[in-house]
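K.L.:
Contents are CSV, C-alpha atoms; file name target.csv:
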```
chain,number,residue,atom,x,y,z
A,1359,MET,CA,-27.3,54.3,-45.1
A,1360,GLU,CA,-24.7,55.8,-42.9
A,1361,VAL,CA,-22.8,53.4,-40.7
A,1362,TYR,CA,-20.7,54.7,-37.8
A,1363,ILE,CA,-17.9,52.4,-36.6
A,1364,ASN,CA,-15.2,52.7,-33.9
A,1365,PHE,CA,-11.9,50.8,-34.5
A,1366,ASN,CA,-11.3,50.9,-30.7
A,1367,GLY,CA,-13.7,48.1,-29.8
A,1368,LEU,CA,-15.1,44.7,-31.0
A,1369,PRO,CA,-18.8,45.6,-31.5
A,1370,SER,CA,-18.1,47.3,-34.8
A,1371,TRP,CA,-16.1,44.4,-36.0
A,1372,LEU,CA,-18.8,41.9,-35.1
A,1373,ALA,CA,-21.3,43.9,-37.1
A,1374,LEU,CA,-19.4,43.6,-40.4
A,1375,ALA,CA,-20.4,40.1,-41.3
A,1376,PRO,CA,-24.2,40.4,-40.9
A,1377,LEU,CA,-24.0,43.9,-42.4
A,1378,GLY,CA,-22.2,42.6,-45.4
A,1379,ARG,CA,-24.9,40.0,-45.9
A,1380,ILE,CA,-27.6,42.6,-45.7
A,1381,VAL,CA,-25.8,44.8,-48.2
A,1382,ALA,CA,-25.5,41.9,-50.6
A,1383,GLU,CA,-29.1,40.9,-50.3
A,1384,THR,CA,-30.6,44.4,-50.4
A,1385,GLY,CA,-28.2,46.5,-52.4
A,1386,VAL,CA,-28.2,49.3,-49.9
A,1387,VAL,CA,-25.3,51.7,-50.3
A,1388,VAL,CA,-23.2,52.2,-47.1
A,1389,ARG,CA,-21.5,55.4,-46.3
A,1390,TRP,CA,-18.9,54.6,-43.6
A,1391,GLN,CA,-18.3,57.1,-40.9
A,1392,PRO,CA,-15.6,56.8,-38.2
A,1393,MET,CA,-16.2,57.5,-34.5
A,1394,LEU,CA,-13.4,58.2,-32.1
A,1395,GLY,CA,-15.3,57.1,-29.1
A,1396,ASN,CA,-18.7,56.3,-27.6
A,1397,LEU,CA,-20.7,59.3,-26.6
A,1398,GLY,CA,-23.4,57.6,-24.5
A,1399,ASN,CA,-22.3,59.0,-21.1
A,1400,VAL,CA,-22.4,62.8,-21.7
A,1401,ALA,CA,-24.5,63.9,-18.7
A,1402,GLY,CA,-22.6,65.5,-15.8
A,1403,SER,CA,-23.3,65.2,-12.1
A,1404,ASN,CA,-25.8,67.4,-10.4
A,1405,LEU,CA,-23.8,67.4,-7.2
A,1406,LYS,CA,-22.1,70.5,-5.9
A,1407,PRO,CA,-18.3,70.4,-5.3
A,1408,GLY,CA,-17.7,68.6,-2.0
A,1409,GLU,CA,-21.3,67.4,-1.6
A,1410,GLU,CA,-21.7,63.8,-0.4
A,1411,ASP,CA,-23.5,61.6,-2.9
A,1412,PRO,CA,-26.4,59.8,-1.2
A,1413,LEU,CA,-26.3,57.2,-4.0
A,1414,ALA,CA,-22.6,56.4,-3.7
A,1415,GLU,CA,-23.1,52.9,-2.4
A,1416,TYR,CA,-25.8,52.1,-5.0
A,1417,LYS,CA,-23.6,53.5,-7.8
A,1418,ALA,CA,-20.6,51.4,-6.6
A,1419,ARG,CA,-22.7,48.2,-6.7
A,1420,ARG,CA,-23.9,49.2,-10.2
A,1421,ALA,CA,-20.4,49.9,-11.3
A,1422,LYS,CA,-19.3,46.4,-10.1
A,1423,ALA,CA,-22.2,44.8,-11.9
A,1424,ARG,CA,-21.4,46.6,-15.1
A,1425,SER,CA,-17.8,45.6,-14.8
A,1426,ARG,CA,-18.7,41.9,-14.5
A,1427,ALA,CA,-21.2,42.2,-17.4
A,1428,LYS,CA,-18.6,43.9,-19.5
A,1429,ALA,CA,-16.1,41.1,-18.9
A,1430,ARG,CA,-18.6,38.4,-19.8
A,1431,GLU,CA,-19.6,40.3,-23.0
A,1432,LEU,CA,-15.9,40.5,-23.9
A,1433,GLU,CA,-15.5,36.8,-23.5
A,1434,ARG,CA,-18.6,36.1,-25.7
A,1435,MET,CA,-17.4,38.5,-28.4
A,1436,CYS,CA,-13.9,37.1,-28.5
A,1437,GLU,CA,-15.3,33.5,-28.7
A,1438,THR,CA,-17.4,34.6,-31.7
A,1439,LEU,CA,-14.4,36.2,-33.4
A,1440,GLY,CA,-12.0,33.4,-32.5
A,1441,ILE,CA,-9.5,35.6,-30.7
A,1442,ASP,CA,-7.9,35.6,-27.3
A,1443,PRO,CA,-9.7,37.8,-24.7
A,1444,GLU,CA,-6.5,39.5,-23.8
A,1445,ALA,CA,-6.1,40.6,-27.5
A,1446,GLY,CA,-9.8,41.5,-27.7
A,1447,GLY,CA,-9.5,43.8,-24.7
A,1448,ARG,CA,-6.8,45.9,-26.4
A,1449,THR,CA,-7.4,49.6,-26.2
A,1450,ILE,CA,-6.1,51.8,-29.0
A,1451,ASP,CA,-6.3,55.4,-30.2
A,1452,PRO,CA,-8.5,55.0,-33.4
A,1453,THR,CA,-7.5,58.3,-34.9
A,1454,ALA,CA,-5.1,57.1,-37.5
A,1455,LEU,CA,-7.3,54.2,-38.6
A,1456,SER,CA,-10.3,56.6,-38.8
A,1457,LEU,CA,-8.3,58.9,-41.0
A,1458,GLY,CA,-7.4,55.9,-43.1
A,1459,LEU,CA,-11.1,55.1,-43.5
A,1460,ASN,CA,-11.8,58.6,-44.7
A,1461,TRP,CA,-8.9,58.3,-47.1
A,1462,ILE,CA,-10.2,55.0,-48.5
A,1463,VAL,CA,-13.8,56.2,-48.7
A,1464,SER,CA,-12.7,59.2,-50.8
A,1465,LEU,CA,-10.8,57.0,-53.3
A,1466,ALA,CA,-11.9,53.4,-53.4
A,1467,SER,CA,-14.8,51.2,-54.3
A,1468,ALA,CA,-17.3,49.7,-51.7
A,1469,GLU,CA,-15.4,46.4,-51.9
A,1470,ASP,CA,-12.1,48.1,-51.1
A,1471,GLN,CA,-13.6,50.1,-48.3
A,1472,ALA,CA,-15.0,46.9,-46.7
A,1473,ARG,CA,-11.6,45.2,-47.2
A,1474,TYR,CA,-9.8,48.0,-45.4
A,1475,ILE,CA,-12.2,48.0,-42.5
A,1476,GLU,CA,-11.9,44.2,-42.0
A,1477,SER,CA,-8.1,44.4,-42.3
A,1478,ALA,CA,-7.9,47.2,-39.8
A,1479,PHE,CA,-9.7,45.1,-37.2
A,1480,GLU,CA,-7.7,42.0,-38.0
A,1481,ARG,CA,-4.4,43.9,-37.6
A,1482,THR,CA,-5.6,45.5,-34.4
A,1483,TYR,CA,-7.0,42.5,-32.5
A,1484,ARG,CA,-5.9,39.3,-34.2
A,1485,GLU,CA,-2.3,40.4,-35.1
A,1486,SER,CA,-1.9,43.0,-32.3
A,1487,GLY,CA,0.0,45.1,-34.9
A,1488,ASP,CA,0.8,48.8,-34.9
A,1489,VAL,CA,-2.3,50.7,-36.0
A,1490,GLU,CA,-1.8,54.0,-34.2
A,1491,GLY,CA,0.9,55.5,-36.4
A,1492,ILE,CA,0.3,57.3,-39.7
A,1493,GLU,CA,3.0,55.2,-41.4
A,1494,ALA,CA,1.5,51.9,-40.1
A,1495,VAL,CA,-1.9,52.9,-41.4
A,1496,ALA,CA,-0.4,53.9,-44.7
A,1497,ASP,CA,1.1,50.4,-44.9
A,1498,LEU,CA,-2.3,48.9,-44.2
A,1499,ILE,CA,-3.9,51.0,-47.0
A,1500,ASP,CA,-1.2,49.8,-49.4
A,1501,SER,CA,-1.9,46.2,-48.4
A,1502,THR,CA,-5.5,46.6,-49.6
A,1503,GLY,CA,-4.3,47.6,-53.1
A,1504,ILE,CA,-5.0,51.3,-52.7
A,1505,SER,CA,-2.2,53.8,-52.9
A,1506,SER,CA,-1.4,55.7,-49.7
A,1507,ARG,CA,0.6,58.3,-51.6
A,1508,GLY,CA,-0.3,61.7,-50.0
A,1509,PHE,CA,-1.9,60.1,-47.0
A,1510,ALA,CA,0.4,61.8,-44.5
A,1511,GLU,CA,-0.5,65.2,-45.9
A,1512,PHE,CA,-4.2,64.3,-45.9
A,1513,CYS,CA,-3.9,63.5,-42.2
A,1514,GLU,CA,-2.3,66.8,-41.4
A,1515,ARG,CA,-5.3,68.6,-43.1
A,1516,GLU,CA,-8.1,66.3,-41.9
A,1517,GLN,CA,-7.3,65.3,-38.3
A,1518,ALA,CA,-8.7,68.5,-36.8
A,1519,VAL,CA,-11.8,68.1,-39.0
A,1520,LEU,CA,-12.2,64.5,-37.8
A,1521,GLU,CA,-12.0,65.5,-34.1
A,1522,ALA,CA,-14.5,68.3,-34.6
A,1523,THR,CA,-17.1,65.9,-35.8
A,1524,ARG,CA,-17.7,64.6,-32.3
A,1525,ASP,CA,-20.3,67.3,-31.6
A,1526,GLU,CA,-21.9,66.8,-35.0
A,1527,ILE,CA,-22.3,63.1,-34.3
A,1528,LEU,CA,-23.8,63.7,-30.9
A,1529,GLU,CA,-26.3,66.2,-32.4
A,1530,LYS,CA,-27.5,63.3,-34.7
A,1531,SER,CA,-28.1,61.2,-31.6
A,1532,VAL,CA,-25.4,58.8,-32.6
A,1533,LEU,CA,-24.1,57.6,-29.3
A,1534,ASN,CA,-22.4,54.2,-29.6
A,1535,ALA,CA,-20.7,52.3,-32.4
A,1536,PRO,CA,-21.8,50.6,-34.5
A,1537,ALA,CA,-24.6,53.0,-35.3
A,1538,PHE,CA,-26.8,53.1,-38.4
A,1539,VAL,CA,-28.7,56.1,-39.8
A,1540,LEU,CA,-31.4,55.0,-42.2
A,1541,ASP,CA,-34.0,57.3,-43.7
A,1542,GLY,CA,-33.2,59.8,-40.9
A,1543,GLU,CA,-33.7,57.3,-38.1
A,1544,VAL,CA,-30.8,56.4,-35.8
A,1545,PHE,CA,-30.2,52.9,-34.6
A,1546,ASN,CA,-27.4,52.6,-31.9
A,1547,GLY,CA,-25.9,49.1,-31.6
A,1548,ARG,CA,-25.5,46.0,-33.8
A,1549,GLU,CA,-28.6,44.4,-32.1
A,1550,HIS,CA,-30.7,46.6,-34.5
A,1551,LEU,CA,-29.4,44.9,-37.6
A,1552,PRO,CA,-32.4,42.5,-37.8
A,1553,LEU,CA,-34.8,45.4,-37.7
A,1554,ILE,CA,-32.7,47.3,-40.3
A,1555,GLU,CA,-32.8,44.3,-42.6
A,1556,TRP,CA,-36.6,44.1,-42.1
A,1557,ILE,CA,-37.0,47.7,-43.1
A,1558,LEU,CA,-34.7,47.4,-46.1
A,1559,LYS,CA,-36.6,44.3,-47.3
A,1560,GLY,CA,-39.9,46.2,-47.4
A,1561,ARG,CA,-41.2,45.8,-43.9
A,1562,GLU,CA,-43.1,42.6,-44.7
A,1563,GLY,CA,-44.4,40.5,-41.9
A,1564,THR,CA,-43.9,41.0,-38.2
A,1565,PRO,CA,-40.9,43.2,-37.4
A,1566,PRO,CA,-38.2,41.5,-35.3
A,1567,VAL,CA,-38.2,42.4,-31.6
```
What would the structure in this file look like if it were written as structure tokens?
P.N.:
Amino acid sequence: MEVYINFNGLPSWLALAPLGRIVAETGVVVRWQPMLGNLGNVAGSNLKPGEEDPLAEYKARRAKARSRAKARELERMCETLGIDPEAGGRTIDPTALSLGLNWIVSLASAEDQARYIESAFERTYRESGDVEGIEAVADLIDSTGISSRGFAEFCEREQAVLEATRDEILEKSVLNAPAFVLDGEVFNGREHLPLIEWILKGREGTPPV
């Protein structure tokens, strides 16, 4: 099962614990994939330049409602994770951590990969540490027990490749992290984990709603 995560946001972090339990109970093999951003809003406007938007007032109300909902959701996620909302609202460039994930995946066991991912989120949101620099991520890699020797050179080679995967990810209909690709079917969002668990356990009984 491919699992797409974004280090710039709490939803992927919140998915780790239930996903870890599912992996332990089903034995499914996870292939971690980094995302540099959510791709859900890719449609452009149909308005011509300078044309007045007849839905401007409605869109403004919707934007305000979404902002309030986003703030409430952030509070709930931070409460679940036991972190301060100010720390939970931190915005980072996830490129270096994503390259670190690709480095770890190429070298380490599943347990080491999971430990790196958890440590990356901990350092980002609980410790408010430096996670955007290559040297900082190399230090994080070393802290998991995996050598970061050669990581800087790896980043020089792989950064352009990582950034080019945006279109490939979109073509798979992977829009938001976390996302899960199981048997060719894409599930966007951690709310699908109960359904994924039901599928992995043989589809017995009534599927979760």
K.L.:
Using all atoms listed in the file, can you tell me which of A:Glu1476, A:Asp1451, A:Glu1555, A:Glu1493 comes closest to Met1393 (chain A)?
P.N.:
A:Asp1451
K.L.:
Give the answer as one residue: which of A:Ser1477, A:Gln1391, A:Gln1471, A:Thr1502 has the shortest atom-to-atom distance to Val1361 (chain A), using all atoms listed in the file?
P.N.:
A:Gln1391
K.L.:
I need the residue nearest Leu1457 (chain A) from this list: A:Ser1506, A:Thr1482, A:Asn1534, A:Ser1501. Use only C-alpha atoms for the distance.
P.N.:
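Between A:Ser1506, A:Thr1482, A:Asn1534, A:Ser1501, the residue approaching Leu1457 (chain A) most closely is A:Ser1506.
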K.L.:
So that I can check the surroundings of Phe1538 (chain A), please list as a VMD selection string every protein, DNA and RNA residue that reaches within 9 Å of it, counting only C-alpha atoms and ignoring chain neighbours fewer than 5 positions away.
P.N.:
chain A and resid 1359 to 1362 1532 1543 to 1548 1550 to 1551 1554
K.L.:
Hey, can you check how far CA of Ser1505 (chain A) sits from CA of Ile1462 (chain A)?
P.N.:
9.2 Å
K.L.:
Just checking: using only C-alpha atoms, which residue out of A:Ala1427, A:Leu1368, A:Ala1537, A:Ile1363 ends up closest to Ala1445 (chain A)?
P.N.:
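Using only C-alpha atoms, the shortest distance to Ala1445 (chain A) belongs to A:Leu1368.
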K.L.:
As an exercise, work out the distance from CA of Gln1517 (chain A) to CA of Phe1479 (chain A) in Å and give it to one decimal place.
P.N.:
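Spanning CA of Gln1517 (chain A) to CA of Phe1479 (chain A) is a straight-line distance of 20.4 Å.
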K.L.:
Give me region 1368-1379 of chain A with all heavy atoms filled in, as a PDB file, in the frame of the given file.
P.N.:
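Dumped everything to rebuild_7.pdb:
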```
ATOM      1  N   LEU A1368     -14.650  45.893 -30.175  1.00  0.00           N
ATOM      2  CA  LEU A1368     -15.100  44.700 -31.000  1.00  0.00           C
ATOM      3  C   LEU A1368     -16.490  44.837 -31.539  1.00  0.00           C
ATOM      4  O   LEU A1368     -16.771  44.199 -32.553  1.00  0.00           O
ATOM      5  CB  LEU A1368     -14.972  43.464 -30.119  1.00  0.00           C
ATOM      6  CG  LEU A1368     -13.574  43.124 -29.576  1.00  0.00           C
ATOM      7  CD1 LEU A1368     -13.633  41.810 -28.802  1.00  0.00           C
ATOM      8  CD2 LEU A1368     -12.544  43.050 -30.688  1.00  0.00           C
ATOM      9  N   PRO A1369     -17.429  45.573 -30.925  1.00  0.00           N
ATOM     10  CA  PRO A1369     -18.800  45.600 -31.500  1.00  0.00           C
ATOM     11  C   PRO A1369     -18.885  45.947 -32.941  1.00  0.00           C
ATOM     12  O   PRO A1369     -19.668  45.350 -33.690  1.00  0.00           O
ATOM     13  CB  PRO A1369     -19.524  46.575 -30.569  1.00  0.00           C
ATOM     14  CG  PRO A1369     -18.821  46.470 -29.254  1.00  0.00           C
ATOM     15  CD  PRO A1369     -17.372  46.300 -29.634  1.00  0.00           C
ATOM     16  N   SER A1370     -18.094  46.925 -33.380  1.00  0.00           N
ATOM     17  CA  SER A1370     -18.100  47.300 -34.800  1.00  0.00           C
ATOM     18  C   SER A1370     -17.644  46.183 -35.684  1.00  0.00           C
ATOM     19  O   SER A1370     -18.182  45.950 -36.778  1.00  0.00           O
ATOM     20  CB  SER A1370     -17.312  48.578 -35.028  1.00  0.00           C
ATOM     21  OG  SER A1370     -17.882  49.696 -34.386  1.00  0.00           O
ATOM     22  N   TRP A1371     -16.614  45.483 -35.238  1.00  0.00           N
ATOM     23  CA  TRP A1371     -16.100  44.400 -36.000  1.00  0.00           C
ATOM     24  C   TRP A1371     -17.134  43.261 -36.133  1.00  0.00           C
ATOM     25  O   TRP A1371     -17.340  42.689 -37.202  1.00  0.00           O
ATOM     26  CB  TRP A1371     -14.817  43.835 -35.339  1.00  0.00           C
ATOM     27  CG  TRP A1371     -14.025  42.860 -36.166  1.00  0.00           C
ATOM     28  CD1 TRP A1371     -14.195  42.552 -37.489  1.00  0.00           C
ATOM     29  CD2 TRP A1371     -12.926  42.061 -35.719  1.00  0.00           C
ATOM     30  NE1 TRP A1371     -13.278  41.622 -37.895  1.00  0.00           N
ATOM     31  CE2 TRP A1371     -12.482  41.304 -36.829  1.00  0.00           C
ATOM     32  CE3 TRP A1371     -12.272  41.924 -34.502  1.00  0.00           C
ATOM     33  CZ2 TRP A1371     -11.427  40.403 -36.726  1.00  0.00           C
ATOM     34  CZ3 TRP A1371     -11.209  41.033 -34.410  1.00  0.00           C
ATOM     35  CH2 TRP A1371     -10.789  40.281 -35.517  1.00  0.00           C
ATOM     36  N   LEU A1372     -17.824  42.973 -35.046  1.00  0.00           N
ATOM     37  CA  LEU A1372     -18.800  41.900 -35.100  1.00  0.00           C
ATOM     38  C   LEU A1372     -20.000  42.263 -35.991  1.00  0.00           C
ATOM     39  O   LEU A1372     -20.692  41.364 -36.478  1.00  0.00           O
ATOM     40  CB  LEU A1372     -19.362  41.701 -33.638  1.00  0.00           C
ATOM     41  CG  LEU A1372     -18.457  40.873 -32.731  1.00  0.00           C
ATOM     42  CD1 LEU A1372     -18.874  41.036 -31.280  1.00  0.00           C
ATOM     43  CD2 LEU A1372     -18.489  39.404 -33.128  1.00  0.00           C
ATOM     44  N   ALA A1373     -20.219  43.536 -36.240  1.00  0.00           N
ATOM     45  CA  ALA A1373     -21.300  43.900 -37.100  1.00  0.00           C
ATOM     46  C   ALA A1373     -21.013  43.743 -38.586  1.00  0.00           C
ATOM     47  O   ALA A1373     -21.932  43.740 -39.417  1.00  0.00           O
ATOM     48  CB  ALA A1373     -21.696  45.391 -36.848  1.00  0.00           C
ATOM     49  N   LEU A1374     -19.738  43.598 -38.943  1.00  0.00           N
ATOM     50  CA  LEU A1374     -19.400  43.600 -40.400  1.00  0.00           C
ATOM     51  C   LEU A1374     -19.964  42.435 -41.135  1.00  0.00           C
ATOM     52  O   LEU A1374     -20.475  42.628 -42.244  1.00  0.00           O
ATOM     53  CB  LEU A1374     -17.842  43.586 -40.502  1.00  0.00           C
ATOM     54  CG  LEU A1374     -17.089  44.804 -39.971  1.00  0.00           C
ATOM     55  CD1 LEU A1374     -15.598  44.672 -40.306  1.00  0.00           C
ATOM     56  CD2 LEU A1374     -17.656  46.098 -40.545  1.00  0.00           C
ATOM     57  N   ALA A1375     -19.910  41.227 -40.588  1.00  0.00           N
ATOM     58  CA  ALA A1375     -20.400  40.100 -41.300  1.00  0.00           C
ATOM     59  C   ALA A1375     -21.901  40.127 -41.583  1.00  0.00           C
ATOM     60  O   ALA A1375     -22.338  39.992 -42.741  1.00  0.00           O
ATOM     61  CB  ALA A1375     -20.021  38.764 -40.591  1.00  0.00           C
ATOM     62  N   PRO A1376     -22.733  40.340 -40.557  1.00  0.00           N
ATOM     63  CA  PRO A1376     -24.200  40.400 -40.900  1.00  0.00           C
ATOM     64  C   PRO A1376     -24.513  41.642 -41.727  1.00  0.00           C
ATOM     65  O   PRO A1376     -25.408  41.572 -42.577  1.00  0.00           O
ATOM     66  CB  PRO A1376     -24.816  40.537 -39.471  1.00  0.00           C
ATOM     67  CG  PRO A1376     -23.726  40.937 -38.539  1.00  0.00           C
ATOM     68  CD  PRO A1376     -22.479  40.371 -39.108  1.00  0.00           C
ATOM     69  N   LEU A1377     -23.793  42.745 -41.549  1.00  0.00           N
ATOM     70  CA  LEU A1377     -24.000  43.900 -42.400  1.00  0.00           C
ATOM     71  C   LEU A1377     -23.683  43.624 -43.831  1.00  0.00           C
ATOM     72  O   LEU A1377     -24.400  44.014 -44.755  1.00  0.00           O
ATOM     73  CB  LEU A1377     -23.244  45.109 -41.869  1.00  0.00           C
ATOM     74  CG  LEU A1377     -23.373  46.397 -42.686  1.00  0.00           C
ATOM     75  CD1 LEU A1377     -24.818  46.867 -42.737  1.00  0.00           C
ATOM     76  CD2 LEU A1377     -22.468  47.488 -42.106  1.00  0.00           C
ATOM     77  N   GLY A1378     -22.576  42.923 -44.040  1.00  0.00           N
ATOM     78  CA  GLY A1378     -22.200  42.600 -45.400  1.00  0.00           C
ATOM     79  C   GLY A1378     -23.230  41.714 -46.098  1.00  0.00           C
ATOM     80  O   GLY A1378     -23.498  41.894 -47.296  1.00  0.00           O
ATOM     81  N   ARG A1379     -23.821  40.788 -45.351  1.00  0.00           N
ATOM     82  CA  ARG A1379     -24.900  40.000 -45.900  1.00  0.00           C
ATOM     83  C   ARG A1379     -26.100  40.808 -46.292  1.00  0.00           C
ATOM     84  O   ARG A1379     -26.686  40.638 -47.366  1.00  0.00           O
ATOM     85  CB  ARG A1379     -25.279  38.863 -44.936  1.00  0.00           C
ATOM     86  CG  ARG A1379     -26.417  37.965 -45.437  1.00  0.00           C
ATOM     87  CD  ARG A1379     -26.852  36.979 -44.383  1.00  0.00           C
ATOM     88  NE  ARG A1379     -27.287  37.628 -43.157  1.00  0.00           N
ATOM     89  CZ  ARG A1379     -28.473  38.198 -42.997  1.00  0.00           C
ATOM     90  NH1 ARG A1379     -29.342  38.230 -44.005  1.00  0.00           N
ATOM     91  NH2 ARG A1379     -28.806  38.738 -41.845  1.00  0.00           N
TER      92      ARG A1379
END
```
